[in-house]
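> So here's structure_29.pdb, just PDB, C-alpha atoms:
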```
ATOM      1  CA  MET A  71     -25.545  71.023  43.323
ATOM      2  CA  SER A  72     -24.173  68.211  45.484
ATOM      3  CA  ALA A  73     -20.477  67.637  46.111
ATOM      4  CA  ASP A  74     -20.719  64.218  44.433
ATOM      5  CA  VAL A  75     -22.025  65.777  41.213
ATOM      6  CA  GLU A  76     -19.320  68.435  41.229
ATOM      7  CA  GLU A  77     -16.664  65.788  41.836
ATOM      8  CA  ALA A  78     -18.047  63.625  39.006
ATOM      9  CA  MET A  79     -18.078  66.611  36.650
ATOM     10  CA  SER A  80     -14.450  67.329  37.494
ATOM     11  CA  GLY A  81     -13.689  63.667  36.834
ATOM     12  CA  VAL A  82     -15.214  63.905  33.358
ATOM     13  CA  LYS A  83     -13.007  66.879  32.506
ATOM     14  CA  ARG A  84      -9.888  65.176  33.858
ATOM     15  CA  ALA A  85     -10.626  61.964  31.941
ATOM     16  CA  LEU A  86     -11.137  63.766  28.630
ATOM     17  CA  LYS A  87      -8.054  65.892  29.150
ATOM     18  CA  GLY A  88      -5.977  62.859  30.093
ATOM     19  CA  ALA A  89      -7.125  60.873  27.062
ATOM     20  CA  ARG A  90      -6.514  63.660  24.535
ATOM     21  CA  GLU A  91      -2.745  63.144  24.156
ATOM     22  CA  THR A  92      -3.055  59.369  23.857
ATOM     23  CA  ILE A  93      -5.792  59.615  21.221
ATOM     24  CA  VAL A  94      -3.893  62.213  19.189
ATOM     25  CA  MET A  95      -0.806  59.948  19.198
ATOM     26  CA  MET A  96      -2.935  57.030  17.962
ATOM     27  CA  VAL A  97      -4.312  59.111  15.111
ATOM     28  CA  GLU A  98      -0.828  60.276  14.135
ATOM     29  CA  ARG A  99       0.200  56.603  13.888
ATOM     30  CA  GLY A 100      -2.841  55.918  11.704
ATOM     31  CA  GLU A 101      -4.627  53.892  14.410
ATOM     32  CA  TYR A 102      -8.000  55.514  13.778
ATOM     33  CA  GLY A 103     -10.107  52.577  14.924
ATOM     34  CA  ALA A 104      -8.219  52.286  18.193
ATOM     35  CA  ALA A 105      -8.443  56.048  18.727
ATOM     36  CA  ILE A 106     -12.214  56.035  18.276
ATOM     37  CA  GLU A 107     -12.585  53.037  20.592
ATOM     38  CA  THR A 108     -10.412  54.716  23.218
ATOM     39  CA  LEU A 109     -12.461  57.905  22.925
ATOM     40  CA  ALA A 110     -15.718  55.976  23.313
ATOM     41  CA  ALA A 111     -14.408  53.999  26.291
ATOM     42  CA  THR A 112     -13.172  57.172  27.968
ATOM     43  CA  ILE A 113     -16.512  58.903  27.493
ATOM     44  CA  ASP A 114     -18.512  55.907  28.726
ATOM     45  CA  LYS A 115     -16.370  55.460  31.827
ATOM     46  CA  ALA A 116     -16.244  59.156  32.674
ATOM     47  CA  PHE A 117     -19.953  59.773  32.280
ATOM     48  CA  SER A 118     -20.974  56.572  34.057
ATOM     49  CA  ARG A 119     -19.824  58.083  37.341
ATOM     50  CA  LEU A 120     -21.498  61.371  36.472
ATOM     51  CA  GLY A 121     -24.778  59.580  35.761
ATOM     52  CA  GLU A 122     -24.652  57.792  39.107
ATOM     53  CA  ALA A 123     -23.951  61.054  40.892
ATOM     54  CA  LEU A 124     -26.841  62.770  39.120
ATOM     55  CA  VAL A 125     -29.232  59.966  40.055
ATOM     56  CA  GLU A 126     -28.135  60.243  43.677
ATOM     57  CA  SER A 127     -28.464  64.027  43.512
ATOM     58  CA  MET A 128     -32.020  63.737  42.167
ATOM     59  CA  ARG A 129     -32.878  61.299  44.964
ATOM     60  CA  GLU A 130     -31.616  63.784  47.507
ATOM     61  CA  LEU A 131     -33.568  66.512  45.743
ATOM     62  CA  ARG A 132     -36.800  64.530  46.029
ATOM     63  CA  GLU A 133     -36.177  64.130  49.749
ATOM     64  CA  ASP A 134     -35.592  67.858  50.004
ATOM     65  CA  ILE A 135     -38.897  68.492  48.272
ATOM     66  CA  HIS A 136     -40.745  66.548  50.939
ATOM     67  CA  ARG A 137     -38.941  68.456  53.682
ATOM     68  CA  LEU A 138     -39.428  71.857  52.119
ATOM     69  CA  THR A 139     -43.071  71.739  51.102
ATOM     70  CA  LYS A 140     -43.797  74.642  53.463
ATOM     71  CA  ASN A 141     -41.214  76.830  51.782
ATOM     72  CA  VAL A 142     -42.196  76.802  48.109
ATOM     73  CA  ASP A 143     -40.210  79.866  47.126
ATOM     74  CA  LYS A 144     -36.928  78.511  48.461
ATOM     75  CA  LEU A 145     -37.604  75.142  46.871
ATOM     76  CA  ALA A 146     -38.194  76.763  43.477
ATOM     77  CA  ILE A 147     -34.858  78.565  43.720
ATOM     78  CA  ASP A 148     -33.025  75.348  44.610
ATOM     79  CA  VAL A 149     -34.597  73.441  41.707
ATOM     80  CA  GLU A 150     -33.864  76.240  39.238
ATOM     81  CA  ALA A 151     -30.242  76.450  40.390
ATOM     82  CA  LEU A 152     -29.843  72.699  39.927
ATOM     83  CA  ARG A 153     -31.419  72.826  36.465
ATOM     84  CA  ARG A 154     -29.143  75.641  35.326
ATOM     85  CA  GLY A 155     -26.107  73.898  36.736
ATOM     86  CA  LEU A 156     -26.916  70.686  34.893
ATOM     87  CA  GLU A 157     -27.591  72.532  31.634
ATOM     88  CA  LEU A 158     -24.278  74.367  31.916
ATOM     89  CA  GLU A 159     -22.366  71.168  32.599
ATOM     90  CA  ALA A 160     -24.098  69.396  29.693
ATOM     91  CA  HIS A 161     -23.017  72.215  27.390
ATOM     92  CA  MET A 162     -19.435  72.040  28.652
ATOM     93  CA  ARG A 163     -19.439  68.276  28.232
ATOM     94  CA  ARG A 164     -20.569  68.533  24.603
ATOM     95  CA  SER A 165     -17.888  71.141  23.953
ATOM     96  CA  GLU A 166     -15.134  68.949  25.417
ATOM     97  CA  VAL A 167     -16.164  65.872  23.431
ATOM     98  CA  GLY A 168     -16.827  67.844  20.265
ATOM     99  CA  GLY A 169     -13.435  69.526  20.473
ATOM    100  CA  LEU A 170     -11.625  66.215  20.857
ATOM    101  CA  ARG A 171     -13.472  64.647  17.943
ATOM    102  CA  GLY A 172     -12.732  67.727  15.851
ATOM    103  CA  GLU A 173      -9.017  67.343  16.510
ATOM    104  CA  ILE A 174      -9.134  63.700  15.423
ATOM    105  CA  VAL A 175     -10.919  64.582  12.165
ATOM    106  CA  GLU A 176      -8.453  67.409  11.494
ATOM    107  CA  LEU A 177      -5.476  65.101  11.988
ATOM    108  CA  ARG A 178      -7.001  62.594   9.568
ATOM    109  CA  ILE A 179      -7.447  65.340   6.962
ATOM    110  CA  ILE A 180      -3.822  66.445   7.313
ATOM    111  CA  LYS A 181      -2.518  62.887   7.077
ATOM    112  CA  GLY A 182      -4.683  62.197   4.026
ATOM    113  CA  LEU A 183      -3.365  65.261   2.202
ATOM    114  CA  THR A 184       0.216  64.406   3.098
ATOM    115  CA  ASP A 185      -0.123  60.839   1.825
ATOM    116  CA  TRP A 186      -1.818  61.967  -1.393
ATOM    117  CA  PHE A 187       0.928  64.467  -2.275
ATOM    118  CA  ARG A 188       3.669  61.953  -1.507
ATOM    119  CA  LYS A 189       2.103  59.503  -3.944
ATOM    120  CA  HIS A 190       0.717  61.747  -6.698
ATOM    121  CA  ALA A 191       2.736  64.975  -6.499
ATOM    122  CA  PRO A 192       6.142  64.340  -4.894
ATOM    123  CA  GLU A 193       7.426  67.599  -6.372
ATOM    124  CA  TYR A 194       5.545  69.277  -3.528
ATOM    125  CA  GLU A 195       6.554  68.835   0.102
ATOM    126  CA  VAL A 196       3.854  68.912   2.801
ATOM    127  CA  TYR A 197       4.832  70.177   6.248
ATOM    128  CA  ASP A 198       2.697  69.894   9.356
ATOM    129  CA  TRP A 199       2.752  73.326  11.016
ATOM    130  CA  PRO A 200       3.780  72.622  14.638
ATOM    131  CA  MET A 201       2.574  75.844  16.250
ATOM    132  CA  ARG A 202      -0.864  76.542  17.684
ATOM    133  CA  ARG A 203      -1.043  79.834  15.781
ATOM    134  CA  GLY A 204      -0.997  79.756  12.016
ATOM    135  CA  PRO A 205      -2.213  77.299   9.355
ATOM    136  CA  ASP A 206      -2.560  73.542   9.768
ATOM    137  CA  LEU A 207       0.116  72.790   7.192
ATOM    138  CA  LEU A 208       2.357  74.229   4.501
ATOM    139  CA  VAL A 209       2.819  72.944   0.958
ATOM    140  CA  GLU A 210       6.013  73.985  -0.838
ATOM    141  CA  GLY A 211       7.369  73.202  -4.276
ATOM    142  CA  LYS A 212       8.188  74.683  -7.689
ATOM    143  CA  GLY A 213       8.993  77.983  -5.951
ATOM    144  CA  VAL A 214       5.501  78.253  -4.463
ATOM    145  CA  LEU A 215       4.557  78.238  -0.783
ATOM    146  CA  ALA A 216       0.949  77.677   0.256
ATOM    147  CA  ALA A 217      -0.499  77.967   3.753
ATOM    148  CA  VAL A 218      -3.403  75.537   4.128
ATOM    149  CA  GLU A 219      -6.170  75.452   6.728
ATOM    150  CA  ALA A 220      -7.846  72.015   6.802
ATOM    151  CA  THR A 221     -11.442  71.808   7.963
ATOM    152  CA  VAL A 222     -14.521  69.648   7.498
ATOM    153  CA  ARG A 223     -16.801  72.565   6.593
ATOM    154  CA  PRO A 224     -15.218  76.028   6.298
ATOM    155  CA  LYS A 225     -16.395  78.986   8.361
ATOM    156  CA  VAL A 226     -15.759  82.719   8.154
ATOM    157  CA  GLU A 227     -13.530  82.359  11.211
ATOM    158  CA  ASP A 228     -11.265  79.978   9.246
ATOM    159  CA  VAL A 229     -10.647  82.706   6.665
ATOM    160  CA  ASP A 230      -9.670  85.245   9.312
ATOM    161  CA  GLN A 231      -7.481  82.726  11.121
ATOM    162  CA  LEU A 232      -5.616  81.823   7.929
ATOM    163  CA  ILE A 233      -4.977  85.465   7.047
ATOM    164  CA  ALA A 234      -3.735  86.214  10.561
ATOM    165  CA  GLY A 235      -1.516  83.119  10.446
ATOM    166  CA  ALA A 236       0.245  84.295   7.269
ATOM    167  CA  GLY A 237       2.252  86.732   9.335
ATOM    168  CA  ILE A 238       3.351  83.950  11.692
ATOM    169  CA  VAL A 239       4.484  81.872   8.705
ATOM    170  CA  LYS A 240       6.521  84.769   7.318
ATOM    171  CA  LEU A 241       8.170  85.295  10.701
ATOM    172  CA  GLU A 242       8.992  81.631  11.365
ATOM    173  CA  TRP A 243       9.435  80.248   7.807
ATOM    174  CA  GLY A 244      11.257  83.233   6.400
ATOM    175  CA  ARG A 245       8.830  84.027   3.592
ATOM    176  CA  LYS A 246       5.226  85.018   3.145
ATOM    177  CA  PRO A 247       2.906  82.347   1.652
ATOM    178  CA  ASP A 248       2.117  82.828  -2.020
ATOM    179  CA  LEU A 249      -1.262  81.194  -1.537
ATOM    180  CA  LEU A 250      -3.737  81.084   1.335
ATOM    181  CA  VAL A 251      -5.930  78.010   0.932
ATOM    182  CA  ILE A 252      -8.775  76.445   2.872
ATOM    183  CA  TYR A 253      -9.246  72.732   2.249
ATOM    184  CA  SER A 254     -12.891  71.652   2.691
ATOM    185  CA  TYR A 255     -12.844  67.934   3.502
ATOM    186  CA  SER A 256     -16.618  67.556   3.165
ATOM    187  CA  GLY A 257     -16.721  69.432  -0.137
ATOM    188  CA  GLU A 258     -19.296  71.791   1.348
ATOM    189  CA  VAL A 259     -18.643  75.514   1.092
ATOM    190  CA  PRO A 260     -21.309  77.867   2.497
ATOM    191  CA  LYS A 261     -22.102  80.711   0.127
ATOM    192  CA  ASP A 262     -21.287  83.451   2.634
ATOM    193  CA  VAL A 263     -17.913  81.846   3.390
ATOM    194  CA  ALA A 264     -17.063  81.518  -0.319
ATOM    195  CA  GLU A 265     -17.888  85.179  -0.924
ATOM    196  CA  TYR A 266     -15.947  86.345   2.119
ATOM    197  CA  ALA A 267     -12.923  84.239   1.186
ATOM    198  CA  ALA A 268     -12.908  85.587  -2.370
ATOM    199  CA  GLU A 269     -13.004  89.155  -1.055
ATOM    200  CA  ARG A 270     -10.003  88.454   1.223
ATOM    201  CA  GLY A 271      -7.933  86.641  -1.411
ATOM    202  CA  VAL A 272      -8.291  83.208   0.171
ATOM    203  CA  ARG A 273      -8.848  80.220  -2.129
ATOM    204  CA  ILE A 274     -11.067  77.271  -1.166
ATOM    205  CA  VAL A 275     -10.448  73.783  -2.574
ATOM    206  CA  GLN A 276     -12.497  70.627  -2.174
ATOM    207  CA  GLY A 277      -9.921  67.931  -2.844
ATOM    208  CA  PRO A 278      -6.167  67.283  -3.036
ATOM    209  CA  ARG A 279      -6.174  67.265  -6.841
ATOM    210  CA  GLU A 280      -7.793  70.695  -6.899
ATOM    211  CA  LEU A 281      -5.133  71.929  -4.459
ATOM    212  CA  LYS A 282      -2.374  70.600  -6.722
ATOM    213  CA  GLU A 283      -3.898  72.308  -9.757
ATOM    214  CA  LEU A 284      -3.964  75.575  -7.836
ATOM    215  CA  LEU A 285      -0.294  75.162  -6.903
ATOM    216  CA  ASP A 286       0.678  74.274 -10.502
ATOM    217  CA  LYS A 287      -1.119  77.350 -11.832
ATOM    218  CA  ALA A 288       0.640  79.607  -9.329
ATOM    219  CA  ALA A 289       4.015  78.014 -10.213
ATOM    220  CA  SER A 290       3.497  78.467 -13.967
ATOM    221  CA  SER A 291       2.672  82.148 -13.569
ATOM    222  CA  ARG A 292       5.883  82.934 -11.697
TER     223      ARG A 292
END
```
As structure tokens, what does this structure read like?

Amino acid sequence: MSADVEEAMSGVKRALKGARETIVMMVERGEYGAAIETLAATIDKAFSRLGEALVESMRELREDIHRLTKNVDKLAIDVEALRRGLELEAHMRRSEVGGLRGEIVELRIIKGLTDWFRKHAPEYEVYDWPMRRGPDLLVEGKGVLAAVEATVRPKVEDVDQLIAGAGIVKLEWGRKPDLLVIYSYSGEVPKDVAEYAAERGVRIVQGPRELKELLDKAASSR
């Protein structure tokens, strides 16, 4: 792989990393349109240089093919190494972009829940959990504390992460959550995840009203 391609790949990573904090701040201020536009502009600019470098690398490769026609085995190795390198970088690129978009969606979910409870159920306070380990947010009121993991479409890993995070909440908040809840923003709940969550004592809700009903039921049974 040429030095230009490697440099362009590094540039893509730096651009995405540099834009992450700015985009997250925009989303926290509710500037979703601007955040999406900034994300798109960052991706376009970063990958434009990568595309140019790849085109130049392929041109150089074609020249190498003409020079190395008498050494087919070595040529095959060079081509295969380039192909694998490009496939690996493409995978890493998708992961970087997908992770950033996932963070934006998650922040929107948290903000939406917070706004809904402030308007429709002010007796409950919603707290954004500031630590990397633990749930996405806490909901407290009427003597009940719920740890909530917000996600677009729940996975088995979300259940395990929420259970593991309960200990962190107890340590930092001073009490163990009464409820462990996964909030499915899309409303989709895979059957295997629902069964696994039920076995582990984790509740799954599909809307803020359903979450409130769960909290009210827990409060009334105390």
> Given the choices A:Ala216, A:Val275, A:Ala267, A:Ile180, which gets closest to Leu250 (chain A) if the distance is worked out from only C-alpha atoms?
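That would be A:Ala216, the residue with the smallest distance to Leu250 (chain A).
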> For the atom pair CA of Ala264 (chain A) and CA of Val218 (chain A), what is the interatomic distance in Å to one decimal place?
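About the pair CA of Ala264 (chain A) and CA of Val218 (chain A): they are 15.6 Å apart.
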> If I take CA of Glu283 (chain A) and CA of Ile238 (chain A), how far is one from the other in Å, to one decimal?
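Separating CA of Glu283 (chain A) from CA of Ile238 (chain A) is a distance of 25.5 Å.
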> Which of these residues is nearest to Lys282 (chain A), using all atoms listed in the file: A:Lys181, A:Trp199, A:Gly204, A:Gly211?
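Distance minimum relative to Lys282 (chain A) lands on A:Gly211.
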> May I ask for the distance between CA of Glu219 (chain A) and CA of Ile252 (chain A), given in Å to one decimal place?
4.8 Å
> Counting all atoms listed in the file, which of A:Gly182, A:Pro192, A:Gly271, A:Gly213 gets nearest to Val251 (chain A)?
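The closest residue to Val251 (chain A) is A:Gly271.
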> So which residues get picked by the PyMOL selection byres ((chain A and resi 223-229) around 6) here, written as an MDAnalysis selection string?
chainID A and resid 221:222 230:232 254 258 263
> When the PyMOL selection byres ((chain A and resi 279) around 12) is applied to the structure above, which residues does it catch, written out as a list in words?
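Applying the expression gives Leu183, Trp186, Phe187, Lys189, His190, Ala191, Tyr253, Val275, Gln276, Gly277, Pro278, Glu280, Leu281, Lys282, Glu283, Leu284, Leu285 and Asp286 of chain A.
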> Could you write out that same residue set with C-alpha atoms as a PDB file, in the coordinates of the input?

```pdb
ATOM      1  CA  LEU A 183      -3.365  65.261   2.202  1.00  0.00           C
ATOM      2  CA  TRP A 186      -1.818  61.967  -1.393  1.00  0.00           C
ATOM      3  CA  PHE A 187       0.928  64.467  -2.275  1.00  0.00           C
ATOM      4  CA  LYS A 189       2.103  59.503  -3.944  1.00  0.00           C
ATOM      5  CA  HIS A 190       0.717  61.747  -6.698  1.00  0.00           C
ATOM      6  CA  ALA A 191       2.736  64.975  -6.499  1.00  0.00           C
ATOM      7  CA  TYR A 253      -9.246  72.732   2.249  1.00  0.00           C
ATOM      8  CA  VAL A 275     -10.448  73.783  -2.574  1.00  0.00           C
ATOM      9  CA  GLN A 276     -12.497  70.627  -2.174  1.00  0.00           C
ATOM     10  CA  GLY A 277      -9.921  67.931  -2.844  1.00  0.00           C
ATOM     11  CA  PRO A 278      -6.167  67.283  -3.036  1.00  0.00           C
ATOM     12  CA  GLU A 280      -7.793  70.695  -6.899  1.00  0.00           C
ATOM     13  CA  LEU A 281      -5.133  71.929  -4.459  1.00  0.00           C
ATOM     14  CA  LYS A 282      -2.374  70.600  -6.722  1.00  0.00           C
ATOM     15  CA  GLU A 283      -3.898  72.308  -9.757  1.00  0.00           C
ATOM     16  CA  LEU A 284      -3.964  75.575  -7.836  1.00  0.00           C
ATOM     17  CA  LEU A 285      -0.294  75.162  -6.903  1.00  0.00           C
ATOM     18  CA  ASP A 286       0.678  74.274 -10.502  1.00  0.00           C
TER      19      ASP A 286
END
```
